[in-house]
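Participant: Below is the structure I would like to discuss, written out as structure tokens.
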Amino acid sequence: MACVYPSGEEARLHHDWAVQQWAWARRLPVPEPLACTPRVIVSADLGDRGLDGVLRGEGTSALPAVLQCLKAFQDCPREDVPNPPFDAALFRRELEGFTTFLDPRAAADAAVNAFLDHLSQRLVQHPYRITHRDFHANNLLLHQGRVHAVDFQDLRNGPDTYDLVSLLRERAGGEAVEDEARWCREAAQLLRWESGWWDRHLECACQRGLKVLGTFLRLGRGGQPCYLRYVPSAAHKTRQALAEVGAPRVLVDGVASFADARAYNGSGEEPRNHVRQPWTS
């Protein structure tokens with residue numbers, strides 16, 4: 001499997017190659033790095049049986065293997081990780097991607113900004129483990145009975161429940177996994193999480209949910225409409241998490257305005273006459 005980098009991306013290539021070598025040396029479930037040239041990284045081919053297709057076609061039977069993959073990341077020693085850990089400033093910057101899509105009154109609302117500031121500070125108080133950082137079904141491959149992760153070059157130390165939020169709430173995981181609480185309990189036991197993990201899971205669900213909503217909307221409205229198909233599910237789950245942690249009503253309602261699947265057609269494109277729902281306060 002070859003990953004070709006465009007001209008001018010040599011620094012990113014060298015960084016990604018270093019992260020892959022670091023992960024492989026620690027026996028993380030990632031593709032074996034085989035060769036690196038000035039423009040290409042060559043890795044072992046793990047096939048094309050993605051977890052997104054498995055979840056949609058076979059249900060949740062593969063999730064125990066996914067949790068074993070997650071366990072490998074969480075059990076990995078946290079020293080010398082080649083990327084800096086999550087900090088409150090990074091969490092807060094990630095939230096700006098969604099607030100650009102809010103009504104200006106809500107984006108400027110003092111209670112909303114105070115909540116987002118507090119949420120970012122709360123997350124850095126969680127127990128930290130190695131996080132993949134984008135542990136959703138589209139980045140997981142089922143190969144010879146094991147689940148392997150790709151697109152892991154941004155791995156770093158972060159909240160213990162962070163990757164499980166990605167798995168159970170985003171894209172195919174968010175659409176196919178109905179009993180989220182069950183798989184959270186399975187993960188908590190397998191990964192030996194400290195008490196209070198459900199509250200931490202909800203806090204991560206708020207931050208990560210808002211972050212990915214901003215990403216889906218930016219990409220979807222910027223020429224890649226396939227991402228818009230994920231918006232209603234992500235918005236619905238994020239609204240629920242925000243309501244459970246007591247987020248300001250104007251933010252909860254704003255997220256809910258993106259949760260109407262009727263606003264998107266089958267291809268994921270927004271209809272020409274789509275008007276975003278009005279805000280309520």
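Identifiers in this document derive from the order of the structure tokens: chains are assigned A, B, ..., residues are numbered from 1 separately in each chain, and ligands are numbered from 1 in order of occurrence.
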Among the residues of range 51-267 of chain A, find those DSSP assigns to helix (DSSP H, G or I) from the backbone and print them as a PyMOL selection string.
Facilitator: chain A and resi 51-75+88-99+104-107+110-123+137-139+162-169+171-176+180-191+197-220+225-245+249-256+261-263
Participant: Filtering to C-alpha atoms, could you give me those residues as a tab-separated table (two decimals), in the first residue's frame?
Facilitator:
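Saved the output as selection39.tsv:
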chain	number	residue	atom	x	y	z
A	51	LEU	CA	-15.19	-1.75	9.77
A	52	ASP	CA	-17.75	0.65	8.34
A	53	GLY	CA	-18.93	-2.03	5.91
A	54	VAL	CA	-18.75	-4.74	8.55
A	55	LEU	CA	-20.94	-2.77	10.96
A	56	ARG	CA	-23.53	-1.99	8.31
A	57	GLY	CA	-23.59	-5.54	6.93
A	58	GLU	CA	-22.98	-7.73	9.97
A	59	GLY	CA	-23.94	-5.63	12.97
A	60	THR	CA	-21.81	-5.34	16.10
A	61	SER	CA	-20.19	-8.80	16.05
A	62	ALA	CA	-16.78	-7.27	15.34
A	63	LEU	CA	-16.87	-4.80	18.24
A	64	PRO	CA	-15.06	-7.11	20.72
A	65	ALA	CA	-12.13	-7.20	18.26
A	66	VAL	CA	-12.31	-3.41	17.95
A	67	LEU	CA	-12.09	-3.06	21.73
A	68	GLN	CA	-8.96	-5.23	21.68
A	69	CYS	CA	-7.48	-2.84	19.14
A	70	LEU	CA	-8.37	0.07	21.41
A	71	LYS	CA	-6.85	-1.78	24.37
A	72	ALA	CA	-3.52	-1.99	22.55
A	73	PHE	CA	-3.45	1.79	22.25
A	74	GLN	CA	-4.55	2.36	25.85
A	75	ASP	CA	-2.03	-0.14	27.26
A	88	ALA	CA	-7.20	22.86	26.93
A	89	ALA	CA	-6.13	25.32	24.23
A	90	LEU	CA	-6.28	22.61	21.54
A	91	PHE	CA	-9.67	21.39	22.71
A	92	ARG	CA	-10.97	24.95	22.64
A	93	ARG	CA	-9.57	25.71	19.17
A	94	GLU	CA	-11.28	22.60	17.81
A	95	LEU	CA	-14.63	23.93	18.95
A	96	GLU	CA	-14.28	27.05	16.83
A	97	GLY	CA	-14.86	24.97	13.70
A	98	PHE	CA	-18.47	24.41	14.72
A	99	THR	CA	-19.21	27.83	16.18
A	104	PRO	CA	-23.79	34.98	15.30
A	105	ARG	CA	-25.93	35.70	18.37
A	106	ALA	CA	-25.31	32.21	19.71
A	107	ALA	CA	-21.62	32.19	18.79
A	110	ALA	CA	-21.46	34.65	26.97
A	111	ALA	CA	-22.98	31.50	28.49
A	112	VAL	CA	-22.07	29.44	25.42
A	113	ASN	CA	-18.46	30.61	25.43
A	114	ALA	CA	-18.14	30.11	29.17
A	115	PHE	CA	-19.45	26.56	28.76
A	116	LEU	CA	-17.00	25.78	25.94
A	117	ASP	CA	-14.12	27.19	27.96
A	118	HIS	CA	-15.13	25.11	30.99
A	119	LEU	CA	-15.58	21.97	28.90
A	120	SER	CA	-12.08	22.33	27.46
A	121	GLN	CA	-10.66	22.68	30.96
A	122	ARG	CA	-12.62	19.68	32.22
A	123	LEU	CA	-11.23	17.35	29.55
A	137	ALA	CA	-15.08	2.88	11.71
A	138	ASN	CA	-13.71	4.31	8.46
A	139	ASN	CA	-10.19	4.20	9.92
A	162	TYR	CA	-12.04	9.91	23.77
A	163	ASP	CA	-11.53	7.16	21.17
A	164	LEU	CA	-14.61	5.22	22.27
A	165	VAL	CA	-16.69	8.33	21.60
A	166	SER	CA	-15.39	8.37	18.02
A	167	LEU	CA	-16.11	4.68	17.56
A	168	LEU	CA	-19.68	4.66	18.91
A	169	ARG	CA	-20.92	8.07	17.81
A	171	ARG	CA	-20.18	7.76	10.87
A	172	ALA	CA	-21.01	4.04	10.65
A	173	GLY	CA	-20.56	3.54	14.39
A	174	GLY	CA	-23.07	6.24	15.17
A	175	GLU	CA	-25.56	4.77	12.71
A	176	ALA	CA	-25.12	1.04	13.42
A	180	GLU	CA	-24.02	2.50	23.25
A	181	ALA	CA	-24.27	2.04	27.01
A	182	ARG	CA	-23.58	-1.69	26.73
A	183	TRP	CA	-20.38	-1.18	24.75
A	184	CYS	CA	-19.28	1.58	27.09
A	185	ARG	CA	-19.60	-0.84	29.99
A	186	GLU	CA	-17.67	-3.49	28.06
A	187	ALA	CA	-14.91	-1.01	27.33
A	188	ALA	CA	-14.77	0.31	30.90
A	189	GLN	CA	-14.24	-3.20	32.25
A	190	LEU	CA	-11.75	-4.29	29.59
A	191	LEU	CA	-9.72	-1.07	29.74
A	197	TRP	CA	-16.09	7.11	33.28
A	198	TRP	CA	-19.68	7.72	32.12
A	199	ASP	CA	-19.49	11.41	33.03
A	200	ARG	CA	-16.13	11.62	31.25
A	201	HIS	CA	-17.61	9.87	28.22
A	202	LEU	CA	-20.39	12.46	28.02
A	203	GLU	CA	-17.95	15.35	28.30
A	204	CYS	CA	-15.81	13.89	25.52
A	205	ALA	CA	-18.98	13.31	23.49
A	206	CYS	CA	-19.80	17.01	23.75
A	207	GLN	CA	-16.37	18.25	22.66
A	208	ARG	CA	-15.70	15.63	20.01
A	209	GLY	CA	-19.27	15.86	18.71
A	210	LEU	CA	-19.05	19.61	18.21
A	211	LYS	CA	-15.62	19.23	16.64
A	212	VAL	CA	-16.70	16.66	14.05
A	213	LEU	CA	-19.90	18.54	13.27
A	214	GLY	CA	-17.76	21.50	12.34
A	215	THR	CA	-15.56	19.27	10.19
A	216	PHE	CA	-18.50	17.60	8.41
A	217	LEU	CA	-20.18	20.93	7.70
A	218	ARG	CA	-16.97	22.56	6.49
A	219	LEU	CA	-16.12	19.69	4.14
A	220	GLY	CA	-19.71	19.13	3.06
A	225	PRO	CA	-21.15	16.71	0.04
A	226	CYS	CA	-20.70	13.06	1.05
A	227	TYR	CA	-19.85	14.30	4.55
A	228	LEU	CA	-23.27	15.90	4.98
A	229	ARG	CA	-24.91	12.48	5.31
A	230	TYR	CA	-23.25	12.13	8.73
A	231	VAL	CA	-24.45	15.49	10.05
A	232	PRO	CA	-27.97	14.54	11.31
A	233	SER	CA	-26.80	11.52	13.33
A	234	ALA	CA	-23.83	13.39	14.81
A	235	ALA	CA	-26.01	16.38	15.65
A	236	HIS	CA	-28.67	14.22	17.31
A	237	LYS	CA	-26.16	12.43	19.54
A	238	THR	CA	-24.26	15.60	20.36
A	239	ARG	CA	-27.45	17.42	21.31
A	240	GLN	CA	-28.31	14.61	23.73
A	241	ALA	CA	-24.86	14.74	25.35
A	242	LEU	CA	-24.98	18.53	25.66
A	243	ALA	CA	-28.41	18.35	27.30
A	244	GLU	CA	-27.21	15.71	29.77
A	245	VAL	CA	-24.26	17.79	30.95
A	249	ARG	CA	-30.11	25.98	25.94
A	250	VAL	CA	-29.07	28.19	23.02
A	251	LEU	CA	-26.21	25.77	22.22
A	252	VAL	CA	-28.38	22.66	22.61
A	253	ASP	CA	-31.01	24.14	20.31
A	254	GLY	CA	-28.38	25.23	17.82
A	255	VAL	CA	-26.98	21.72	17.52
A	256	ALA	CA	-30.52	20.32	17.25
A	261	ALA	CA	-32.33	14.31	8.27
A	262	ARG	CA	-35.04	15.67	5.96
A	263	ALA	CA	-32.77	18.65	5.29
Participant: Ranking A:Arg146, A:His136, A:His14, A:Arg49 by minimum distance to Val30 in chain A and counting only C-alpha atoms, which one comes first?
Facilitator: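 Among the listed residues, A:Arg146 lies closest to Val30 in chain A.
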Participant: Would you work out the distance separating CA of Ala2 in chain A from CA of Asp80 in chain A, expressed in Å to one decimal?
Facilitator: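 Those two atoms sit 26.8 Å apart.
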Participant: Tell me which protein, DNA and RNA residues are within 10 Å of Val42 in chain A, counting only C-alpha atoms, leaving out same-chain ones fewer than 5 positions away, and put them as a PDB file with N, CA and C atoms, in the first residue's frame.
Facilitator:
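Result file selection.pdb:
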ATOM      1  N   MET A   1       0.852  -1.175   0.000  1.00  0.00           N
ATOM      2  CA  MET A   1       0.000   0.000   0.000  1.00  0.00           C
ATOM      3  C   MET A   1       0.895   1.234   0.000  1.00  0.00           C
ATOM      4  N   ALA A   2       0.712   2.107  -0.993  1.00  0.00           N
ATOM      5  CA  ALA A   2       1.546   3.293  -1.118  1.00  0.00           C
ATOM      6  C   ALA A   2       0.724   4.543  -0.827  1.00  0.00           C
ATOM      7  N   CYS A   3       1.275   5.424  -0.024  1.00  0.00           N
ATOM      8  CA  CYS A   3       0.669   6.727   0.245  1.00  0.00           C
ATOM      9  C   CYS A   3       1.574   7.794  -0.373  1.00  0.00           C
ATOM     10  N   VAL A   4       1.059   8.470  -1.396  1.00  0.00           N
ATOM     11  CA  VAL A   4       1.848   9.444  -2.140  1.00  0.00           C
ATOM     12  C   VAL A   4       1.552  10.850  -1.607  1.00  0.00           C
ATOM     13  N   TRP A  17       5.963   9.158   8.814  1.00  0.00           N
ATOM     14  CA  TRP A  17       6.827   7.978   8.800  1.00  0.00           C
ATOM     15  C   TRP A  17       7.392   7.724  10.198  1.00  0.00           C
ATOM     16  N   PRO A  31      -0.510  -0.779  10.205  1.00  0.00           N
ATOM     17  CA  PRO A  31       0.203  -1.435   9.098  1.00  0.00           C
ATOM     18  C   PRO A  31       1.717  -1.356   9.289  1.00  0.00           C
ATOM     19  N   GLU A  32       2.399  -2.402   8.927  1.00  0.00           N
ATOM     20  CA  GLU A  32       3.855  -2.421   9.036  1.00  0.00           C
ATOM     21  C   GLU A  32       4.472  -1.421   8.059  1.00  0.00           C
ATOM     22  N   PRO A  33       5.360  -0.544   8.521  1.00  0.00           N
ATOM     23  CA  PRO A  33       6.051   0.370   7.605  1.00  0.00           C
ATOM     24  C   PRO A  33       7.128  -0.386   6.828  1.00  0.00           C
ATOM     25  N   LEU A  34       7.102  -0.280   5.507  1.00  0.00           N
ATOM     26  CA  LEU A  34       8.015  -1.054   4.667  1.00  0.00           C
ATOM     27  C   LEU A  34       9.101  -0.201   4.028  1.00  0.00           C
ATOM     28  N   ALA A  35       8.762   0.971   3.551  1.00  0.00           N
ATOM     29  CA  ALA A  35       9.756   1.792   2.866  1.00  0.00           C
ATOM     30  C   ALA A  35       9.286   3.236   2.827  1.00  0.00           C
ATOM     31  N   CYS A  36      10.262   4.134   2.702  1.00  0.00           N
ATOM     32  CA  CYS A  36       9.965   5.556   2.623  1.00  0.00           C
ATOM     33  C   CYS A  36      10.882   6.199   1.599  1.00  0.00           C
ATOM     34  N   THR A  37      10.302   6.947   0.667  1.00  0.00           N
ATOM     35  CA  THR A  37      11.048   7.720  -0.314  1.00  0.00           C
ATOM     36  C   THR A  37      10.704   9.192  -0.094  1.00  0.00           C
TER      37      THR A  37
END
Participant: In range 35-240 of chain A, what's strand (DSSP E or B) per DSSP? Answer as a PyMOL selection string?
Facilitator: chain A and resi 35-36+40-43+50+128-131+140-143+146-149+156-159
Participant: Name all residues at most 10 Å from His15 in chain A (count only C-alpha atoms; drop same-chain ones fewer than 3 positions away) and give them as a list in words.
Facilitator: Glu10, Ala11, Arg12, Ala18, Val19, Gln20, Gln21, Pro82, Asn83, Gln153 and Asp154 of chain A
Participant: To one decimal place in Å, what is the distance between CA of Ile130 in chain A and CA of Arg156 in chain A?
Facilitator: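 CA of Arg156 in chain A lies 5.6 Å from CA of Ile130 in chain A.
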